[in-house]
There are 2 protein chains.
Amino acid sequence: MARIKTDNNTRKDVIVSKAASLFREKGFKAASMRDLAEAVGVEAASLYNHIKSKTELLHELCFSVANRFLHKIDEVELEKTSSINKIEKLLRFHINEMINHYEEVYVSDREWKHLSDPYLSNFQNQRRIYRKRFAAIIETGIRNNEIKPIDAPTAVLIMLHAISGIESWHRSTQKINAEELEENMISILVGGLVNR
Amino acid sequence: MARIKTDNNTRKDVIVSKAASLFREKGFKAASMRDLAEAVGVEAASLYNHIKSKTELLHELCFSVANRFLHKIDEVELEKTSSINKIEKLLRFHINEMINHYEEVYVSDREWKHLSDPYLSNFQNQRRIYRKRFAAIIETGIRNNEIKPIDAPTAVLIMLHAISGIESWHRSTQKINAEELEENMISILVGGLVNR
DNA sequence: AAATATCGCTAACATTCGTTAGTATCCTAT
DNA sequence: ATAGGATACTAACGAATGTTAGCGATATTT
């Protein structure tokens, strides 16, 4: 009888983590609980000793990621620094999250559609609010002439989606290293905003 | 008995088009043939008088989109103009495709994973080649000092993913108009590349 | 008007899915 | 050593899925 290996984590955490990897690879709907069980090294029914449902796995992933970003923007908003600097900090956080917690972040980004209410509405709300706060920082930057006059919500779209492109970096065979990736992205994205 | 309405299109085209809309909304796996049948106004089994399989629908969508982009880059590569101008032309094409053929382009972008070989490898190859050709234009621009020294594949990632953010524009309630969207995106993306 | 090909329907199929019930096994604390 | 809780197993369920077969209705051609 094959027990789930647990190194300082709960068995549930092991399952959630494997789920992230599987949902990223196949998509939430295409990944079956039997797939997940095999990845964990156990029979499908055994998973239910640790989790309530397949959807619960998605909840956990989506909201843990969303909360990390919300905490970060809480922190950044309070800083006494230029708008451009705040944006750069947020972008660097996004980039590093995408580099270091690839699978969770990716799943949260692409698979949230499969949440069901009330989680779905909740998630969408958090997302909307986050983007508005991000846009507000950009708008302040425009008023200060740090940033060229552009539509702030559009700029937010571009930034966030551009960063999700790191997905392709992960899957590519000839990767530049992570630091270079970060600097290149910052150079292009921040360079596209600044007034000169 | 409710026949499929066909205004100058084949019935198959009607089905493919509704499939695009449905796959975009729910994702390929989550969209069922019964859903599609309902959208078309017919019973599920009747669809099979016009198509071979659910996957065939995905093939058609993915490759018709991919071919449009390949034709465009064929055309742009031959032009006698600056690299920056070529890139701007490609970006504008991407943006307009994403605005005007939203659902097909989106599905091709997000759901190609569910293709099966040999279609899958084929699609991945086309995609890889397209991105290399795009990167080659950027690299020429860097050598000419039109574009600042950056990693070209990373720049391609950013551009393409940024444009896929138009998805959020479509779903948003307060849309700026399409022309403004295009100009804002060009301003930020091209602005992030140029040497000054 | 008759003949033929096209199209849509009902019914059903084999599979796969998420999940539950019930039981055996393992680990831990007394 | 043993009791009790945690964990895994086998078996099975009902529902949903893609797809096929066979038949009737409709449009098109002769």
# chains A, B, ... in the order shown; residues from 1 in each chain; ligands from 1
$ closest_atom_pairs --of "chain B" --to "chain A" --cutoff "8 Å" --atoms "only C-alpha atoms" --output "CSV"
residue,atom,partner,partner_atom,distance
B:Lys26,CA,A:Lys113,CA,7.6
B:Lys29,CA,A:Lys29,CA,6.1
B:Ala30,CA,A:Lys29,CA,6.3
B:Lys113,CA,A:Lys26,CA,7.6
B:Ile150,CA,A:Asn184,CA,6.1
B:Asp151,CA,A:Asn184,CA,6.6
B:Thr154,CA,A:Leu181,CA,7.1
B:Ala155,CA,A:Ile188,CA,7.5
B:Leu157,CA,A:Gly165,CA,5.5
B:Ile158,CA,A:Ala162,CA,4.5
B:Met159,CA,A:Ala162,CA,6.8
B:Leu160,CA,A:Ala162,CA,7.6
B:His161,CA,A:Ala162,CA,4.9
B:Ala162,CA,A:Ala162,CA,4.3
B:Ile163,CA,A:Ile158,CA,6.9
B:Ser164,CA,A:His161,CA,7.0
B:Gly165,CA,A:His161,CA,5.5
B:Ile166,CA,A:Leu157,CA,7.6
B:Ser168,CA,A:Leu157,CA,7.3
B:Trp169,CA,A:Thr154,CA,7.9
B:Leu181,CA,A:Thr154,CA,7.1
B:Asn184,CA,A:Ile150,CA,6.1
B:Met185,CA,A:Thr154,CA,7.3
B:Ser187,CA,A:Gly192,CA,7.1
B:Ile188,CA,A:Gly192,CA,4.3
B:Leu189,CA,A:Gly192,CA,5.8
B:Val190,CA,A:Gly192,CA,7.0
B:Gly191,CA,A:Gly192,CA,4.5
B:Gly192,CA,A:Gly192,CA,3.7
B:Leu193,CA,A:Ile188,CA,6.0
$ residues_around --residues "DG22 of chain C" --least-positions-apart "2" --cutoff "10 Å" --atoms "only C-alpha atoms (C1' of nucleotides)" --output "compact mmCIF listing (two decimals) with N, CA and C atoms (P, O5', C5', C4', C3', O3' and C1' of nucleotides), in the first residue's frame"
# COMPACT_ATOMS: atom_id res chain seq x y z
P DT C 20 -18.71 12.58 -2.57
O5' DT C 20 -19.18 11.08 -2.33
C5' DT C 20 -20.38 10.61 -2.94
C4' DT C 20 -20.65 9.18 -2.52
C3' DT C 20 -20.39 8.89 -1.04
O3' DT C 20 -21.52 8.20 -0.51
C1' DT C 20 -19.21 7.35 -2.42
P DA C 24 -12.42 -6.56 5.54
O5' DA C 24 -10.86 -6.27 5.36
C5' DA C 24 -10.29 -6.40 4.07
C4' DA C 24 -9.07 -5.50 3.97
C3' DA C 24 -7.96 -5.82 4.97
O3' DA C 24 -6.73 -5.87 4.25
C1' DA C 24 -8.49 -3.52 5.04
P DT D 10 -6.67 -2.02 -5.30
O5' DT D 10 -8.14 -2.62 -5.11
C5' DT D 10 -8.38 -3.70 -4.21
C4' DT D 10 -9.86 -3.99 -4.15
C3' DT D 10 -10.54 -4.13 -5.51
O3' DT D 10 -11.44 -5.23 -5.46
C1' DT D 10 -11.64 -2.45 -4.26
P DA D 11 -12.16 -5.79 -6.81
O5' DA D 11 -13.59 -5.08 -6.73
C5' DA D 11 -14.28 -5.05 -5.50
C4' DA D 11 -15.54 -4.22 -5.64
C3' DA D 11 -16.19 -4.24 -7.03
O3' DA D 11 -17.53 -4.69 -6.91
C1' DA D 11 -15.96 -2.01 -6.23
$ closest_atom_pairs --of "chain C" --to "chain A" --cutoff "10 Å" --atoms "only C-alpha atoms (C1' of nucleotides)" --output "Markdown table"
| residue | atom | partner | partner_atom | distance |
| --- | --- | --- | --- | --- |
| C:DT16 | C1' | A:Ser32 | CA | 9.4 |
| C:DC17 | C1' | A:Ser32 | CA | 7.5 |
| C:DG18 | C1' | A:Met33 | CA | 7.5 |
| C:DT19 | C1' | A:Ala45 | CA | 7.9 |
| C:DT20 | C1' | A:Ala45 | CA | 8.8 |
| C:DT25 | C1' | A:Met1 | CA | 7.8 |
| C:DC26 | C1' | A:Met1 | CA | 8.6 |
$ residues_around --residues "segment 119-126 of chain A" --least-positions-apart "2" --cutoff "10 Å" --atoms "only C-alpha atoms (C1' of nucleotides)" --output "MDAnalysis selection string"
chainID A and resid 56 58:59 62:63 66:67 70 108 112:117 128:132
$ write_last_selection --atoms "N, CA and C atoms" --output "mmCIF file, in the first residue's frame"
data_model
loop_
_atom_site.group_PDB
_atom_site.id
_atom_site.type_symbol
_atom_site.label_atom_id
_atom_site.label_comp_id
_atom_site.auth_asym_id
_atom_site.auth_seq_id
_atom_site.Cartn_x
_atom_site.Cartn_y
_atom_site.Cartn_z
ATOM 1 N N GLU A 56 -12.375 21.937 -5.463
ATOM 2 C CA GLU A 56 -11.686 22.526 -4.311
ATOM 3 C C GLU A 56 -10.210 22.744 -4.629
ATOM 4 N N LEU A 58 -8.989 23.544 -7.445
ATOM 5 C CA LEU A 58 -8.895 24.759 -8.255
ATOM 6 C C LEU A 58 -9.072 26.010 -7.396
ATOM 7 N N HIS A 59 -10.037 25.977 -6.474
ATOM 8 C CA HIS A 59 -10.207 27.094 -5.525
ATOM 9 C C HIS A 59 -8.882 27.431 -4.864
ATOM 10 N N CYS A 62 -6.311 28.991 -7.222
ATOM 11 C CA CYS A 62 -6.650 30.333 -7.713
ATOM 12 C C CYS A 62 -6.544 31.380 -6.613
ATOM 13 N N PHE A 63 -7.078 31.062 -5.442
ATOM 14 C CA PHE A 63 -7.116 32.088 -4.407
ATOM 15 C C PHE A 63 -5.779 32.265 -3.710
ATOM 16 N N ALA A 66 -4.075 34.610 -6.094
ATOM 17 C CA ALA A 66 -4.686 35.937 -6.064
ATOM 18 C C ALA A 66 -4.314 36.694 -4.796
ATOM 19 N N ASN A 67 -4.290 35.976 -3.673
ATOM 20 C CA ASN A 67 -3.964 36.636 -2.411
ATOM 21 C C ASN A 67 -2.532 37.149 -2.377
ATOM 22 N N LEU A 70 -2.558 40.394 -4.212
ATOM 23 C CA LEU A 70 -3.248 41.455 -3.474
ATOM 24 C C LEU A 70 -2.387 41.975 -2.330
ATOM 25 N N SER A 108 -3.997 29.527 -12.219
ATOM 26 C CA SER A 108 -4.878 30.587 -11.747
ATOM 27 C C SER A 108 -5.279 31.522 -12.881
ATOM 28 N N TRP A 112 -9.336 29.714 -14.267
ATOM 29 C CA TRP A 112 -10.322 30.222 -13.319
ATOM 30 C C TRP A 112 -11.740 30.169 -13.866
ATOM 31 N N LYS A 113 -11.880 30.133 -15.167
ATOM 32 C CA LYS A 113 -13.212 30.036 -15.774
ATOM 33 C C LYS A 113 -13.998 28.846 -15.255
ATOM 34 N N HIS A 114 -13.290 27.819 -14.836
ATOM 35 C CA HIS A 114 -13.962 26.600 -14.406
ATOM 36 C C HIS A 114 -14.325 26.616 -12.931
ATOM 37 N N LEU A 115 -14.059 27.707 -12.258
ATOM 38 C CA LEU A 115 -14.603 27.874 -10.919
ATOM 39 C C LEU A 115 -16.119 27.992 -11.033
ATOM 40 N N SER A 116 -16.805 27.688 -9.930
ATOM 41 C CA SER A 116 -18.251 27.890 -9.963
ATOM 42 C C SER A 116 -18.627 28.843 -8.834
ATOM 43 N N ASP A 117 -19.744 29.508 -9.014
ATOM 44 C CA ASP A 117 -20.178 30.461 -7.995
ATOM 45 C C ASP A 117 -20.347 29.768 -6.664
ATOM 46 N N ARG A 128 -10.763 42.165 -10.949
ATOM 47 C CA ARG A 128 -11.172 43.474 -11.460
ATOM 48 C C ARG A 128 -10.595 44.578 -10.579
ATOM 49 N N ILE A 129 -10.710 44.359 -9.295
ATOM 50 C CA ILE A 129 -10.228 45.363 -8.351
ATOM 51 C C ILE A 129 -8.715 45.512 -8.449
ATOM 52 N N TYR A 130 -8.029 44.389 -8.528
ATOM 53 C CA TYR A 130 -6.564 44.443 -8.663
ATOM 54 C C TYR A 130 -6.161 45.281 -9.872
ATOM 55 N N ARG A 131 -6.820 45.022 -10.975
ATOM 56 C CA ARG A 131 -6.458 45.744 -12.206
ATOM 57 C C ARG A 131 -6.769 47.229 -12.101
ATOM 58 N N LYS A 132 -7.859 47.541 -11.406
ATOM 59 C CA LYS A 132 -8.176 48.955 -11.226
ATOM 60 C C LYS A 132 -7.128 49.661 -10.394
#
$ residues_around --residues "Asp74 of chain B" --least-positions-apart "2" --cutoff "12 Å" --atoms "only C-alpha atoms (C1' of nucleotides)" --output "number ranges by chain"
B: 67-72, 76-79, 86, 90, 129-130, 133-134
$ select_by_dssp --residues "chain B" --states "helix (DSSP H, G or I)" --output "number ranges by chain"
B: 11-26, 33-40, 44-49, 54-78, 83-100, 102-114, 119-143, 152-164, 166-171, 178-191
$ write_last_selection --atoms "C-alpha atoms" --output "tab-separated table (two decimals), in the first residue's frame"
chain	number	residue	atom	x	y	z
B	11	ARG	CA	-23.62	24.41	-43.17
B	12	LYS	CA	-20.22	23.24	-42.07
B	13	ASP	CA	-19.01	26.84	-41.90
B	14	VAL	CA	-21.94	27.72	-39.72
B	15	ILE	CA	-21.04	24.90	-37.36
B	16	VAL	CA	-17.35	25.82	-37.29
B	17	SER	CA	-18.21	29.41	-36.51
B	18	LYS	CA	-20.54	28.51	-33.66
B	19	ALA	CA	-17.90	26.11	-32.39
B	20	ALA	CA	-15.38	28.94	-32.23
B	21	SER	CA	-17.75	30.93	-30.11
B	22	LEU	CA	-18.48	28.03	-27.81
B	23	PHE	CA	-14.90	26.86	-27.46
B	24	ARG	CA	-13.89	30.41	-26.62
B	25	GLU	CA	-16.56	30.70	-23.97
B	26	LYS	CA	-16.19	27.33	-22.24
B	33	MET	CA	-21.34	18.52	-28.84
B	34	ARG	CA	-24.80	18.83	-27.33
B	35	ASP	CA	-24.01	22.43	-26.38
B	36	LEU	CA	-22.88	23.07	-29.91
B	37	ALA	CA	-25.96	21.42	-31.37
B	38	GLU	CA	-28.17	23.65	-29.28
B	39	ALA	CA	-26.30	26.75	-30.43
B	40	VAL	CA	-26.74	25.65	-34.03
B	44	ALA	CA	-26.27	16.59	-31.60
B	45	ALA	CA	-26.27	13.62	-33.94
B	46	SER	CA	-27.20	15.83	-36.88
B	47	LEU	CA	-23.90	17.67	-36.68
B	48	TYR	CA	-22.18	14.54	-37.92
B	49	ASN	CA	-23.79	14.91	-41.33
B	54	LYS	CA	-15.24	17.36	-32.57
B	55	THR	CA	-11.49	17.49	-33.04
B	56	GLU	CA	-11.89	18.31	-36.71
B	57	LEU	CA	-13.55	21.53	-35.64
B	58	LEU	CA	-10.48	22.42	-33.63
B	59	HIS	CA	-8.16	21.59	-36.54
B	60	GLU	CA	-10.06	23.86	-38.87
B	61	LEU	CA	-10.02	26.73	-36.42
B	62	CYS	CA	-6.37	26.44	-35.45
B	63	PHE	CA	-4.97	26.05	-38.93
B	64	SER	CA	-7.09	28.68	-40.62
B	65	VAL	CA	-5.81	31.19	-38.07
B	66	ALA	CA	-2.22	30.00	-38.31
B	67	ASN	CA	-2.31	30.25	-42.09
B	68	ARG	CA	-3.49	33.83	-42.01
B	69	PHE	CA	-0.52	34.82	-39.87
B	70	LEU	CA	1.93	32.89	-42.01
B	71	HIS	CA	0.68	34.57	-45.16
B	72	LYS	CA	1.02	37.95	-43.54
B	73	ILE	CA	4.60	37.41	-42.46
B	74	ASP	CA	5.44	36.13	-45.97
B	75	GLU	CA	4.18	39.45	-47.26
B	76	VAL	CA	5.87	41.65	-44.66
B	77	GLU	CA	9.28	40.02	-44.96
B	78	LEU	CA	9.44	40.98	-48.64
B	83	SER	CA	12.56	46.62	-39.25
B	84	ILE	CA	10.54	48.77	-36.91
B	85	ASN	CA	8.03	49.37	-39.64
B	86	LYS	CA	7.76	45.66	-40.38
B	87	ILE	CA	7.19	44.91	-36.75
B	88	GLU	CA	4.58	47.61	-36.49
B	89	LYS	CA	2.78	46.14	-39.50
B	90	LEU	CA	2.80	42.67	-37.97
B	91	LEU	CA	1.59	43.99	-34.65
B	92	ARG	CA	-1.24	45.92	-36.28
B	93	PHE	CA	-2.24	42.79	-38.14
B	94	HIS	CA	-2.26	40.78	-34.93
B	95	ILE	CA	-4.25	43.44	-33.16
B	96	ASN	CA	-6.86	43.65	-35.90
B	97	GLU	CA	-7.18	39.90	-36.18
B	98	MET	CA	-7.72	39.77	-32.44
B	99	ILE	CA	-10.31	42.52	-32.65
B	100	ASN	CA	-12.22	41.28	-35.68
B	102	TYR	CA	-11.66	37.35	-31.72
B	103	GLU	CA	-13.13	33.94	-31.11
B	104	GLU	CA	-11.20	31.99	-33.72
B	105	VAL	CA	-7.91	33.62	-32.85
B	106	TYR	CA	-8.47	33.14	-29.16
B	107	VAL	CA	-9.36	29.48	-29.57
B	108	SER	CA	-6.35	28.88	-31.78
B	109	ASP	CA	-4.19	30.55	-29.14
B	110	ARG	CA	-5.49	28.79	-26.07
B	111	GLU	CA	-6.91	25.48	-27.11
B	112	TRP	CA	-4.33	24.08	-29.53
B	113	LYS	CA	-3.08	21.84	-26.75
B	114	HIS	CA	-6.07	19.62	-27.36
B	119	TYR	CA	-1.94	17.97	-36.15
B	120	LEU	CA	-0.42	18.88	-32.82
B	121	SER	CA	3.21	18.61	-33.93
B	122	ASN	CA	2.36	20.39	-37.12
B	123	PHE	CA	0.79	23.28	-35.34
B	124	GLN	CA	3.63	23.56	-32.85
B	125	ASN	CA	6.12	23.60	-35.69
B	126	GLN	CA	4.33	26.37	-37.55
B	127	ARG	CA	4.17	28.35	-34.36
B	128	ARG	CA	7.85	27.89	-33.62
B	129	ILE	CA	8.82	28.89	-37.12
B	130	TYR	CA	6.59	31.93	-37.09
B	131	ARG	CA	8.15	33.16	-33.88
B	132	LYS	CA	11.65	32.62	-35.21
B	133	ARG	CA	10.89	34.67	-38.29
B	134	PHE	CA	9.42	37.38	-36.10
B	135	ALA	CA	12.51	37.31	-33.90
B	136	ALA	CA	14.76	37.51	-36.96
B	137	ILE	CA	13.15	40.80	-37.97
B	138	ILE	CA	13.80	42.15	-34.49
B	139	GLU	CA	17.40	41.01	-34.60
B	140	THR	CA	17.95	42.82	-37.88
B	141	GLY	CA	16.51	45.91	-36.27
B	142	ILE	CA	18.95	45.59	-33.39
B	143	ARG	CA	21.92	45.31	-35.75
B	152	ALA	CA	14.65	39.01	-29.51
B	153	PRO	CA	12.75	35.82	-28.57
B	154	THR	CA	11.75	37.45	-25.30
B	155	ALA	CA	10.52	40.49	-27.18
B	156	VAL	CA	8.41	38.26	-29.42
B	157	LEU	CA	6.88	36.58	-26.39
B	158	ILE	CA	5.95	39.89	-24.89
B	159	MET	CA	4.42	41.23	-28.08
B	160	LEU	CA	2.31	38.21	-28.89
B	161	HIS	CA	1.06	37.64	-25.40
B	162	ALA	CA	0.37	41.31	-24.83
B	163	ILE	CA	-1.89	41.30	-27.86
B	164	SER	CA	-3.78	38.29	-26.62
B	166	ILE	CA	-7.38	42.01	-26.16
B	167	GLU	CA	-9.46	39.13	-24.90
B	168	SER	CA	-10.02	41.13	-21.71
B	169	TRP	CA	-10.93	44.18	-23.76
B	170	HIS	CA	-13.66	42.22	-25.49
B	171	ARG	CA	-15.10	41.00	-22.23
B	178	ALA	CA	-11.00	49.77	-31.42
B	179	GLU	CA	-8.85	52.46	-33.04
B	180	GLU	CA	-7.78	53.87	-29.69
B	181	LEU	CA	-7.01	50.39	-28.47
B	182	GLU	CA	-4.81	49.75	-31.48
B	183	GLU	CA	-2.92	53.03	-31.13
B	184	ASN	CA	-2.36	52.58	-27.42
B	185	MET	CA	-1.00	49.10	-27.89
B	186	ILE	CA	1.29	50.16	-30.70
B	187	SER	CA	2.52	53.11	-28.69
B	188	ILE	CA	3.46	50.99	-25.71
B	189	LEU	CA	4.83	47.98	-27.56
B	190	VAL	CA	6.78	49.80	-30.25
B	191	GLY	CA	7.83	52.39	-27.69
$ closest_residue --among "A:Ile147, A:Ala31, A:Ile4, A:Val42" --to "DC9 of chain D" --atoms "only C-alpha atoms (C1' of nucleotides)"
A:Val42
$ residues_around --residues "DA14 of chain C" --least-positions-apart "3" --cutoff "12 Å" --atoms "only C-alpha atoms (C1' of nucleotides)" --output "list in words"
DT17, DG18, DT19 and DT20 of chain D
$ decode --residues "segment 124-147 of chain B" --atoms "N, CA and C atoms" --output "compact mmCIF listing (two decimals), in the first residue's frame"
# COMPACT_ATOMS: atom_id res chain seq x y z
N GLN B 124 2.52 23.08 -33.66
CA GLN B 124 3.63 23.56 -32.85
C GLN B 124 4.81 24.00 -33.71
N ASN B 125 5.06 23.24 -34.76
CA ASN B 125 6.12 23.60 -35.69
C ASN B 125 5.86 24.95 -36.35
N GLN B 126 4.68 25.11 -36.88
CA GLN B 126 4.33 26.37 -37.55
C GLN B 126 4.51 27.54 -36.60
N ARG B 127 4.07 27.32 -35.39
CA ARG B 127 4.17 28.35 -34.36
C ARG B 127 5.63 28.71 -34.06
N ARG B 128 6.44 27.68 -33.93
CA ARG B 128 7.85 27.89 -33.62
C ARG B 128 8.53 28.66 -34.76
N ILE B 129 8.21 28.25 -35.97
CA ILE B 129 8.82 28.89 -37.12
C ILE B 129 8.37 30.34 -37.23
N TYR B 130 7.10 30.57 -37.03
CA TYR B 130 6.59 31.93 -37.09
C TYR B 130 7.33 32.83 -36.11
N ARG B 131 7.49 32.34 -34.91
CA ARG B 131 8.15 33.16 -33.88
C ARG B 131 9.61 33.41 -34.21
N LYS B 132 10.26 32.42 -34.81
CA LYS B 132 11.65 32.62 -35.21
C LYS B 132 11.77 33.69 -36.28
N ARG B 133 10.85 33.66 -37.23
CA ARG B 133 10.89 34.67 -38.29
C ARG B 133 10.63 36.05 -37.73
N PHE B 134 9.71 36.11 -36.77
CA PHE B 134 9.42 37.38 -36.10
C PHE B 134 10.67 37.86 -35.37
N ALA B 135 11.30 36.95 -34.65
CA ALA B 135 12.51 37.31 -33.90
C ALA B 135 13.63 37.76 -34.84
N ALA B 136 13.70 37.14 -36.01
CA ALA B 136 14.76 37.51 -36.96
C ALA B 136 14.60 38.97 -37.41
N ILE B 137 13.38 39.40 -37.59
CA ILE B 137 13.15 40.80 -37.97
C ILE B 137 13.64 41.73 -36.86
N ILE B 138 13.34 41.34 -35.62
CA ILE B 138 13.80 42.15 -34.49
C ILE B 138 15.33 42.19 -34.44
N GLU B 139 15.94 41.05 -34.67
CA GLU B 139 17.40 41.01 -34.60
C GLU B 139 18.05 41.90 -35.67
N THR B 140 17.46 41.91 -36.85
CA THR B 140 17.95 42.82 -37.88
C THR B 140 17.84 44.26 -37.40
N GLY B 141 16.73 44.56 -36.78
CA GLY B 141 16.51 45.91 -36.27
C GLY B 141 17.54 46.30 -35.21
N ILE B 142 17.95 45.32 -34.41
CA ILE B 142 18.95 45.59 -33.39
C ILE B 142 20.30 45.89 -34.04
N ARG B 143 20.65 45.08 -35.05
CA ARG B 143 21.92 45.31 -35.75
C ARG B 143 21.95 46.67 -36.42
N ASN B 144 20.79 47.15 -36.88
CA ASN B 144 20.71 48.47 -37.53
C ASN B 144 20.59 49.63 -36.54
N ASN B 145 20.63 49.31 -35.25
CA ASN B 145 20.42 50.33 -34.21
C ASN B 145 19.05 51.00 -34.25
N GLU B 146 18.11 50.37 -34.94
CA GLU B 146 16.73 50.88 -34.84
C GLU B 146 16.13 50.48 -33.50
N ILE B 147 16.53 49.29 -33.05
CA ILE B 147 15.93 48.69 -31.86
C ILE B 147 17.01 48.53 -30.81
